[in-house]
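For reference, structure.csv (CSV, C-alpha atoms):
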chain,number,residue,atom,x,y,z
A,5,GLN,CA,57.3,61.0,50.7
A,6,LYS,CA,60.7,61.1,52.3
A,7,GLU,CA,61.6,58.0,54.3
A,8,VAL,CA,62.6,60.0,57.4
A,9,GLU,CA,61.2,63.5,57.9
A,10,GLN,CA,62.2,66.2,60.3
A,11,ASN,CA,61.3,69.8,60.7
A,12,SER,CA,64.4,71.8,59.6
A,13,GLY,CA,63.9,74.5,62.2
A,14,PRO,CA,65.5,76.4,63.5
A,15,LEU,CA,64.0,75.5,66.9
A,16,SER,CA,64.9,78.2,69.4
A,17,VAL,CA,64.7,77.5,73.1
A,18,PRO,CA,66.0,79.5,76.1
A,19,GLU,CA,68.8,78.1,78.2
A,20,GLY,CA,67.5,75.7,80.8
A,21,ALA,CA,64.3,74.8,78.9
A,22,ILE,CA,63.4,71.5,77.4
A,23,ALA,CA,64.0,71.1,73.7
A,24,SER,CA,61.8,68.7,71.9
A,25,LEU,CA,62.9,67.3,68.5
A,26,ASN,CA,60.6,65.1,66.4
A,27,CYS,CA,61.1,62.7,63.5
A,28,THR,CA,58.7,60.6,61.5
A,29,TYR,CA,59.5,57.6,59.3
A,30,SER,CA,57.6,56.0,56.5
A,31,ASP,CA,58.7,52.3,56.7
A,32,ARG,CA,56.5,50.7,59.4
A,33,GLY,CA,58.9,47.7,59.8
A,34,SER,CA,61.9,49.9,60.7
A,35,GLN,CA,63.6,48.5,63.7
A,36,SER,CA,66.4,50.8,65.0
A,37,PHE,CA,66.4,54.5,65.6
A,38,PHE,CA,69.3,56.9,66.2
A,39,TRP,CA,69.9,60.5,67.1
A,40,TYR,CA,73.1,62.1,65.9
A,41,ARG,CA,74.3,65.6,66.8
A,42,GLN,CA,76.2,67.5,64.2
A,43,TYR,CA,78.0,70.8,64.9
A,44,SER,CA,78.5,73.1,62.0
A,45,GLY,CA,81.4,71.8,59.8
A,46,LYS,CA,81.8,68.7,61.9
A,47,SER,CA,80.8,65.1,61.4
A,48,PRO,CA,77.7,63.5,63.1
A,49,GLU,CA,78.1,62.2,66.6
A,50,LEU,CA,75.9,59.4,67.9
A,51,ILE,CA,74.1,60.6,71.1
A,52,MET,CA,71.2,58.2,71.5
A,53,PHE,CA,69.7,55.0,70.1
A,54,ILE,CA,66.5,53.2,70.8
A,55,TYR,CA,65.1,49.9,69.6
A,56,SER,CA,61.9,49.4,71.7
A,57,ASN,CA,58.7,51.4,72.2
A,58,GLY,CA,58.8,53.7,75.1
A,59,ASP,CA,61.4,56.0,76.6
A,60,LYS,CA,65.1,55.7,77.0
A,61,GLU,CA,67.0,58.1,79.2
A,62,ASP,CA,70.7,59.0,79.2
A,63,GLY,CA,71.7,62.0,81.2
A,64,ARG,CA,69.9,65.1,79.9
A,65,PHE,CA,68.7,63.2,76.8
A,66,THR,CA,65.5,61.1,76.5
A,67,ALA,CA,64.6,59.3,73.3
A,68,GLN,CA,61.0,58.3,72.8
A,69,LEU,CA,59.8,55.8,70.3
A,70,ASN,CA,56.2,55.1,69.1
A,71,LYS,CA,56.2,52.4,66.4
A,72,ALA,CA,52.5,52.4,66.0
A,73,SER,CA,52.5,56.1,65.1
A,74,GLN,CA,55.9,55.9,63.4
A,75,TYR,CA,57.6,58.7,65.2
A,76,VAL,CA,60.7,59.0,67.3
A,77,SER,CA,61.5,62.1,69.4
A,78,LEU,CA,64.5,63.4,71.4
A,79,LEU,CA,64.0,65.5,74.5
A,80,ILE,CA,66.9,67.6,75.8
A,81,ARG,CA,66.4,68.8,79.4
A,82,ASP,CA,68.1,71.8,80.9
A,83,SER,CA,69.2,72.9,77.4
A,84,GLN,CA,72.6,74.6,77.2
A,85,PRO,CA,74.1,76.9,74.5
A,86,SER,CA,76.5,74.1,73.8
A,87,ASP,CA,73.6,72.0,72.7
A,88,SER,CA,73.1,74.3,69.7
A,89,ALA,CA,73.6,72.1,66.7
A,90,THR,CA,71.8,70.2,64.0
A,91,TYR,CA,70.1,67.0,65.3
A,92,LEU,CA,69.8,64.2,62.8
A,93,CYS,CA,67.3,61.4,63.1
A,94,ALA,CA,68.4,58.1,61.5
A,95,VAL,CA,66.5,54.8,60.9
A,96,ILE,CA,67.6,51.3,60.0
A,97,PRO,CA,65.1,49.7,57.6
A,98,PRO,CA,63.4,46.4,58.2
A,99,PRO,CA,65.3,43.1,57.3
A,100,ASN,CA,63.4,42.8,54.0
A,101,ASN,CA,65.1,46.0,52.8
A,102,ALA,CA,68.4,44.9,51.3
A,103,GLY,CA,70.0,48.3,51.8
A,104,ASN,CA,71.5,47.8,55.2
A,105,MET,CA,72.1,51.5,55.4
A,106,LEU,CA,71.2,54.1,57.9
A,107,THR,CA,68.7,56.5,56.3
A,108,PHE,CA,68.9,60.1,57.7
A,109,GLY,CA,66.3,62.8,58.0
A,110,GLY,CA,67.3,66.3,56.9
A,111,GLY,CA,68.0,67.4,60.5
A,112,THR,CA,66.6,70.0,62.8
A,113,ARG,CA,68.7,73.0,63.7
A,114,LEU,CA,68.5,73.7,67.5
A,115,MET,CA,69.5,77.1,68.9
A,116,VAL,CA,69.7,77.5,72.6
A,117,LYS,CA,69.8,81.1,73.6
A,118,PRO,CA,71.5,82.2,76.8
B,25,GLU,CA,91.2,53.4,70.5
B,26,ALA,CA,91.3,55.3,67.3
B,27,GLY,CA,88.0,56.2,65.7
B,28,VAL,CA,87.2,56.3,62.0
B,29,THR,CA,90.0,58.3,60.2
B,30,GLN,CA,89.7,60.1,56.9
B,31,SER,CA,92.2,61.8,54.6
B,32,PRO,CA,92.7,64.3,53.4
B,33,THR,CA,90.7,66.8,55.5
B,34,HIS,CA,90.3,69.1,52.5
B,35,LEU,CA,90.7,68.6,48.8
B,36,ILE,CA,90.5,71.1,46.1
B,37,LYS,CA,90.0,70.0,42.5
B,38,THR,CA,88.9,71.4,39.2
B,39,ARG,CA,86.1,70.3,37.0
B,40,GLY,CA,86.9,67.1,35.1
B,41,GLN,CA,89.6,65.9,37.5
B,42,GLN,CA,89.5,62.8,39.7
B,43,ALA,CA,89.4,62.8,43.4
B,44,THR,CA,90.4,60.0,45.8
B,45,LEU,CA,89.3,60.0,49.4
B,46,ARG,CA,90.5,57.5,52.0
B,47,CYS,CA,89.0,56.0,55.1
B,48,SER,CA,90.2,53.7,57.9
B,49,PRO,CA,87.5,52.2,60.0
B,50,ILE,CA,87.5,51.6,63.7
B,51,SER,CA,89.7,48.6,64.5
B,52,GLY,CA,87.6,45.4,64.2
B,53,HIS,CA,84.9,47.0,62.1
B,54,THR,CA,84.4,45.3,58.7
B,55,SER,CA,81.7,47.4,57.2
B,56,VAL,CA,82.5,50.9,55.7
B,57,TYR,CA,79.9,53.3,54.4
B,58,TRP,CA,80.3,56.5,52.4
B,59,TYR,CA,77.9,59.4,52.6
B,60,GLN,CA,77.7,62.7,50.8
B,61,GLN,CA,76.5,65.8,52.6
B,62,ALA,CA,76.2,68.8,50.3
B,63,LEU,CA,75.7,72.3,51.8
B,64,GLY,CA,72.2,72.6,53.1
B,65,LEU,CA,71.3,69.1,52.3
B,66,GLY,CA,71.0,65.9,54.3
B,67,LEU,CA,73.3,62.9,54.4
B,68,GLN,CA,72.9,61.0,51.2
B,69,PHE,CA,74.0,57.3,51.2
B,70,LEU,CA,76.7,56.6,48.5
B,71,LEU,CA,78.2,53.2,49.0
B,72,TRP,CA,78.5,50.3,51.5
B,73,TYR,CA,81.5,47.9,51.5
B,74,ASP,CA,81.7,44.8,53.6
B,75,GLU,CA,84.4,42.1,53.6
B,76,GLY,CA,86.0,43.7,50.5
B,77,GLU,CA,82.8,43.7,48.4
B,78,GLU,CA,80.5,46.5,47.4
B,79,ARG,CA,77.2,45.5,48.9
B,80,ASN,CA,75.0,48.4,48.0
B,81,ARG,CA,75.1,51.8,46.4
B,82,GLY,CA,72.9,54.8,46.6
B,83,ASN,CA,71.4,56.8,43.8
B,84,PHE,CA,74.6,58.2,42.4
B,85,PRO,CA,76.2,58.0,38.9
B,86,PRO,CA,78.8,55.3,38.1
B,87,ARG,CA,81.6,57.9,38.3
B,88,PHE,CA,81.3,57.5,42.0
B,89,SER,CA,83.1,54.3,42.8
B,90,GLY,CA,85.3,52.8,45.4
B,91,ARG,CA,86.9,49.8,46.9
B,92,GLN,CA,87.7,48.1,50.2
B,93,PHE,CA,91.1,46.7,51.0
B,94,PRO,CA,91.9,43.5,52.9
B,95,ASN,CA,92.6,45.6,56.0
B,96,TYR,CA,89.0,47.0,55.7
B,97,SER,CA,90.2,50.5,54.8
B,98,SER,CA,88.4,52.0,51.9
B,99,GLU,CA,88.8,54.5,49.0
B,100,LEU,CA,86.1,56.6,47.4
B,101,ASN,CA,86.9,57.7,43.8
B,102,VAL,CA,85.0,60.4,42.0
B,103,ASN,CA,85.8,60.7,38.3
B,104,ALA,CA,85.0,63.6,36.0
B,105,LEU,CA,84.3,66.0,38.8
B,106,GLU,CA,81.4,68.3,38.5
B,107,LEU,CA,80.8,71.5,40.5
B,108,GLU,CA,77.9,69.9,42.3
B,109,ASP,CA,80.2,67.3,43.7
B,110,SER,CA,81.4,69.9,46.1
B,111,ALA,CA,80.4,68.5,49.5
B,112,LEU,CA,81.5,67.0,52.8
B,113,TYR,CA,82.2,63.3,52.2
B,114,LEU,CA,81.7,61.2,55.4
B,115,CYS,CA,83.0,57.7,56.0
B,116,ALA,CA,81.4,55.6,58.7
B,117,SER,CA,82.1,52.1,60.0
B,118,SER,CA,80.2,49.5,61.9
B,119,LEU,CA,81.1,46.2,63.6
B,120,GLY,CA,78.7,44.1,61.6
B,121,HIS,CA,75.6,44.1,59.5
B,122,LEU,CA,73.4,47.1,60.6
B,123,VAL,CA,70.1,45.5,59.8
B,124,LEU,CA,70.8,42.0,61.1
B,125,THR,CA,72.8,42.8,64.3
B,126,ASN,CA,71.4,46.2,65.4
B,127,GLU,CA,74.8,47.7,65.2
B,128,LYS,CA,75.7,51.4,65.4
B,129,LEU,CA,77.4,53.6,62.8
B,130,PHE,CA,80.3,55.8,63.8
B,131,PHE,CA,81.5,58.6,61.5
B,132,GLY,CA,84.9,60.0,60.6
B,133,SER,CA,85.5,63.7,60.5
B,134,GLY,CA,85.0,63.9,56.8
B,135,THR,CA,86.8,65.2,53.7
B,136,GLN,CA,85.6,68.5,52.4
B,137,LEU,CA,85.8,68.4,48.6
B,138,SER,CA,85.7,71.6,46.7
B,139,VAL,CA,85.4,71.5,42.9
B,140,LEU,CA,86.3,74.8,41.2
Using the file provided, produce a representation of the structure as structure tokens.
Amino acid sequence: QKEVEQNSGPLSVPEGAIASLNCTYSDRGSQSFFWYRQYSGKSPELIMFIYSNGDKEDGRFTAQLNKASQYVSLLIRDSQPSDSATYLCAVIPPPNNAGNMLTFGGGTRLMVKP
Amino acid sequence: EAGVTQSPTHLIKTRGQQATLRCSPISGHTSVYWYQQALGLGLQFLLWYDEGEERNRGNFPPRFSGRQFPNYSSELNVNALELEDSALYLCASSLGHLVLTNEKLFFGSGTQLSVL
């Protein structure tokens, strides 16, 4: 089982709709969760982070975390064609994991159609 | 304030050669991470350096190595290049220990390594 799993997509939504991206993780003690956006040929850009259960909103983006179910999601409201990119979910493991590295899912490709 | 900078942007090598990639972290950041992103694959953790020491490495052969200098910049060296080493190599930095301090990771623009 992969540590961080995402549906590779592509997820296709019409412009103006809500895009919902999901991610599950295997290590129950994981403590910090991040969403990165990566345009083709570019480096990942941090867009959201969440540490506590519940929702966190930032502009058109909402991150949702449910530690009991071990999933984290990203909602993008009023999707725009410029949101078309690959969205990477990343997790920091619990303190008993000596790795101290961010573990990434494979990413979900989002396509927003005008 | 400058972000994470990487050089060169592109690097073309042939099989068996060595490649050296360079990274300068965000000012004040002491931890540097290297990731490999092969075409169609996810980000794979390579190496983590902090305060000049290698702290952890991912599941890569020993021909992938590196170092961190006193100014916290870093080099990634790949010896005996193989075709499958062709990938985007990303450097990232953080202010402190990710796990202990809930810090965030910021990426450079990457070096595209092509092995012919």
Each residue of chain A with at least one atom at most 12 Å from chain B should appear once, together with its nearest atom pair and the corresponding distance in Å (one decimal); atoms considered: only C-alpha atoms; ordering: chain, then increasing residue number; output as CSV.
residue,atom,partner,partner_atom,distance
A:Lys6,CA,B:Gly66,CA,11.5
A:Val8,CA,B:Gly66,CA,10.7
A:Glu9,CA,B:Gly66,CA,10.7
A:Gln10,CA,B:Gly66,CA,10.7
A:Ser12,CA,B:Gly64,CA,10.2
A:Gly33,CA,B:Val123,CA,11.4
A:Ser34,CA,B:Val123,CA,9.3
A:Gln35,CA,B:Val123,CA,8.2
A:Ser36,CA,B:Asn126,CA,6.8
A:Phe37,CA,B:Asn126,CA,9.7
A:Phe38,CA,B:Lys128,CA,8.5
A:Trp39,CA,B:Lys128,CA,10.9
A:Tyr40,CA,B:Phe130,CA,9.8
A:Arg41,CA,B:Phe131,CA,11.4
A:Gln42,CA,B:Phe131,CA,10.7
A:Tyr43,CA,B:Ser133,CA,11.2
A:Ser44,CA,B:Leu63,CA,10.6
A:Gly45,CA,B:Leu112,CA,8.5
A:Lys46,CA,B:Ser133,CA,6.4
A:Ser47,CA,B:Ser133,CA,5.0
A:Pro48,CA,B:Phe131,CA,6.4
A:Glu49,CA,B:Phe131,CA,7.1
A:Leu50,CA,B:Phe130,CA,7.0
A:Ile51,CA,B:Phe130,CA,10.7
A:Met52,CA,B:Lys128,CA,10.2
A:Phe53,CA,B:Lys128,CA,8.4
A:Ile54,CA,B:Asn126,CA,10.1
A:Tyr55,CA,B:Asn126,CA,8.4
A:Ser56,CA,B:Asn126,CA,11.8
A:Thr90,CA,B:Gly66,CA,10.6
A:Tyr91,CA,B:Gly66,CA,11.1
A:Leu92,CA,B:Gly66,CA,8.8
A:Cys93,CA,B:Gly66,CA,10.6
A:Ala94,CA,B:Leu67,CA,9.9
A:Val95,CA,B:Val123,CA,10.0
A:Ile96,CA,B:Val123,CA,6.3
A:Pro97,CA,B:Val123,CA,6.9
A:Pro98,CA,B:Val123,CA,6.9
A:Pro99,CA,B:Val123,CA,5.9
A:Asn100,CA,B:Val123,CA,9.3
A:Asn101,CA,B:Val123,CA,8.6
A:Ala102,CA,B:Asn80,CA,8.2
A:Gly103,CA,B:Asn80,CA,6.3
A:Asn104,CA,B:Val123,CA,5.3
A:Met105,CA,B:Leu122,CA,6.9
A:Leu106,CA,B:Leu122,CA,7.8
A:Thr107,CA,B:Phe69,CA,7.4
A:Phe108,CA,B:Leu67,CA,6.2
A:Gly109,CA,B:Gly66,CA,6.7
A:Gly110,CA,B:Gly66,CA,4.5
A:Gly111,CA,B:Gly66,CA,7.0
A:Thr112,CA,B:Gly66,CA,10.4
A:Arg113,CA,B:Gly64,CA,11.2
Write the residues of the preceding selection, restricted to C-alpha atoms, as an mmCIF file, keeping the file's coordinate frame.
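That gives us part-v6.cif:
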data_model
loop_
_atom_site.group_PDB
_atom_site.id
_atom_site.type_symbol
_atom_site.label_atom_id
_atom_site.label_comp_id
_atom_site.auth_asym_id
_atom_site.auth_seq_id
_atom_site.Cartn_x
_atom_site.Cartn_y
_atom_site.Cartn_z
ATOM 1 C CA LYS A 6 60.700 61.100 52.300
ATOM 2 C CA VAL A 8 62.600 60.000 57.400
ATOM 3 C CA GLU A 9 61.200 63.500 57.900
ATOM 4 C CA GLN A 10 62.200 66.200 60.300
ATOM 5 C CA SER A 12 64.400 71.800 59.600
ATOM 6 C CA GLY A 33 58.900 47.700 59.800
ATOM 7 C CA SER A 34 61.900 49.900 60.700
ATOM 8 C CA GLN A 35 63.600 48.500 63.700
ATOM 9 C CA SER A 36 66.400 50.800 65.000
ATOM 10 C CA PHE A 37 66.400 54.500 65.600
ATOM 11 C CA PHE A 38 69.300 56.900 66.200
ATOM 12 C CA TRP A 39 69.900 60.500 67.100
ATOM 13 C CA TYR A 40 73.100 62.100 65.900
ATOM 14 C CA ARG A 41 74.300 65.600 66.800
ATOM 15 C CA GLN A 42 76.200 67.500 64.200
ATOM 16 C CA TYR A 43 78.000 70.800 64.900
ATOM 17 C CA SER A 44 78.500 73.100 62.000
ATOM 18 C CA GLY A 45 81.400 71.800 59.800
ATOM 19 C CA LYS A 46 81.800 68.700 61.900
ATOM 20 C CA SER A 47 80.800 65.100 61.400
ATOM 21 C CA PRO A 48 77.700 63.500 63.100
ATOM 22 C CA GLU A 49 78.100 62.200 66.600
ATOM 23 C CA LEU A 50 75.900 59.400 67.900
ATOM 24 C CA ILE A 51 74.100 60.600 71.100
ATOM 25 C CA MET A 52 71.200 58.200 71.500
ATOM 26 C CA PHE A 53 69.700 55.000 70.100
ATOM 27 C CA ILE A 54 66.500 53.200 70.800
ATOM 28 C CA TYR A 55 65.100 49.900 69.600
ATOM 29 C CA SER A 56 61.900 49.400 71.700
ATOM 30 C CA THR A 90 71.800 70.200 64.000
ATOM 31 C CA TYR A 91 70.100 67.000 65.300
ATOM 32 C CA LEU A 92 69.800 64.200 62.800
ATOM 33 C CA CYS A 93 67.300 61.400 63.100
ATOM 34 C CA ALA A 94 68.400 58.100 61.500
ATOM 35 C CA VAL A 95 66.500 54.800 60.900
ATOM 36 C CA ILE A 96 67.600 51.300 60.000
ATOM 37 C CA PRO A 97 65.100 49.700 57.600
ATOM 38 C CA PRO A 98 63.400 46.400 58.200
ATOM 39 C CA PRO A 99 65.300 43.100 57.300
ATOM 40 C CA ASN A 100 63.400 42.800 54.000
ATOM 41 C CA ASN A 101 65.100 46.000 52.800
ATOM 42 C CA ALA A 102 68.400 44.900 51.300
ATOM 43 C CA GLY A 103 70.000 48.300 51.800
ATOM 44 C CA ASN A 104 71.500 47.800 55.200
ATOM 45 C CA MET A 105 72.100 51.500 55.400
ATOM 46 C CA LEU A 106 71.200 54.100 57.900
ATOM 47 C CA THR A 107 68.700 56.500 56.300
ATOM 48 C CA PHE A 108 68.900 60.100 57.700
ATOM 49 C CA GLY A 109 66.300 62.800 58.000
ATOM 50 C CA GLY A 110 67.300 66.300 56.900
ATOM 51 C CA GLY A 111 68.000 67.400 60.500
ATOM 52 C CA THR A 112 66.600 70.000 62.800
ATOM 53 C CA ARG A 113 68.700 73.000 63.700
#
Once you count all atoms listed in the file, which residues end up no further than 12 Å from (93.4, 70.4, 51.3) in the file's frame, shown as a list of chain:residue names?
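Protein, DNA and RNA residues close to (93.4, 70.4, 51.3): B:Ser31, B:Pro32, B:Thr33, B:His34, B:Leu35, B:Ile36, B:Lys37, B:Ala43, B:Leu45, B:Gly134, B:Thr135, B:Gln136, B:Leu137, B:Ser138, B:Val139.
Rounded to one decimal, CA of Asn70 (chain A) and CA of Gly13 (chain A) lie 22.0 Å from each other.
Taking only C-alpha atoms, the non-local environment of Arg87 (chain B) within 10 Å (same-chain residues fewer than 5 positions away omitted) comprises Gln42, Asn101, Val102, Asn103, Ala104 and Leu105 of chain B.
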Val56 (chain B) surroundings by only C-alpha atoms, 10 Å radius, close-in-sequence under 5 positions cut, as a ChimeraX atom specification:
/B:28,47-50,71-76,78,91-92,96-99,115-120,129-131
May I have the selected residues written with C-alpha atoms, as a PDB file, keeping the file's coordinate frame?
ATOM      1  CA  VAL B  28      87.200  56.300  62.000  1.00  0.00           C
ATOM      2  CA  CYS B  47      89.000  56.000  55.100  1.00  0.00           C
ATOM      3  CA  SER B  48      90.200  53.700  57.900  1.00  0.00           C
ATOM      4  CA  PRO B  49      87.500  52.200  60.000  1.00  0.00           C
ATOM      5  CA  ILE B  50      87.500  51.600  63.700  1.00  0.00           C
ATOM      6  CA  LEU B  71      78.200  53.200  49.000  1.00  0.00           C
ATOM      7  CA  TRP B  72      78.500  50.300  51.500  1.00  0.00           C
ATOM      8  CA  TYR B  73      81.500  47.900  51.500  1.00  0.00           C
ATOM      9  CA  ASP B  74      81.700  44.800  53.600  1.00  0.00           C
ATOM     10  CA  GLU B  75      84.400  42.100  53.600  1.00  0.00           C
ATOM     11  CA  GLY B  76      86.000  43.700  50.500  1.00  0.00           C
ATOM     12  CA  GLU B  78      80.500  46.500  47.400  1.00  0.00           C
ATOM     13  CA  ARG B  91      86.900  49.800  46.900  1.00  0.00           C
ATOM     14  CA  GLN B  92      87.700  48.100  50.200  1.00  0.00           C
ATOM     15  CA  TYR B  96      89.000  47.000  55.700  1.00  0.00           C
ATOM     16  CA  SER B  97      90.200  50.500  54.800  1.00  0.00           C
ATOM     17  CA  SER B  98      88.400  52.000  51.900  1.00  0.00           C
ATOM     18  CA  GLU B  99      88.800  54.500  49.000  1.00  0.00           C
ATOM     19  CA  CYS B 115      83.000  57.700  56.000  1.00  0.00           C
ATOM     20  CA  ALA B 116      81.400  55.600  58.700  1.00  0.00           C
ATOM     21  CA  SER B 117      82.100  52.100  60.000  1.00  0.00           C
ATOM     22  CA  SER B 118      80.200  49.500  61.900  1.00  0.00           C
ATOM     23  CA  LEU B 119      81.100  46.200  63.600  1.00  0.00           C
ATOM     24  CA  GLY B 120      78.700  44.100  61.600  1.00  0.00           C
ATOM     25  CA  LEU B 129      77.400  53.600  62.800  1.00  0.00           C
ATOM     26  CA  PHE B 130      80.300  55.800  63.800  1.00  0.00           C
ATOM     27  CA  PHE B 131      81.500  58.600  61.500  1.00  0.00           C
TER      28      PHE B 131
END
CA of Tyr59 (chain B) and CA of Phe93 (chain B) are how many Å apart?
18.4 Å
Report the distance between CA of Asn57 (chain A) and CA of Leu78 (chain A) in Å, rounded to one decimal place.
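Straight-line distance from CA of Asn57 (chain A) to CA of Leu78 (chain A) works out to 13.4 Å.
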Go through B:Ser110, B:Ser89, B:Arg46, B:Leu100 one by one, measure the shortest atom-to-atom distance of each to Ala62 (chain B) using all atoms listed in the file, and give the residue with the smallest value.
B:Ser110
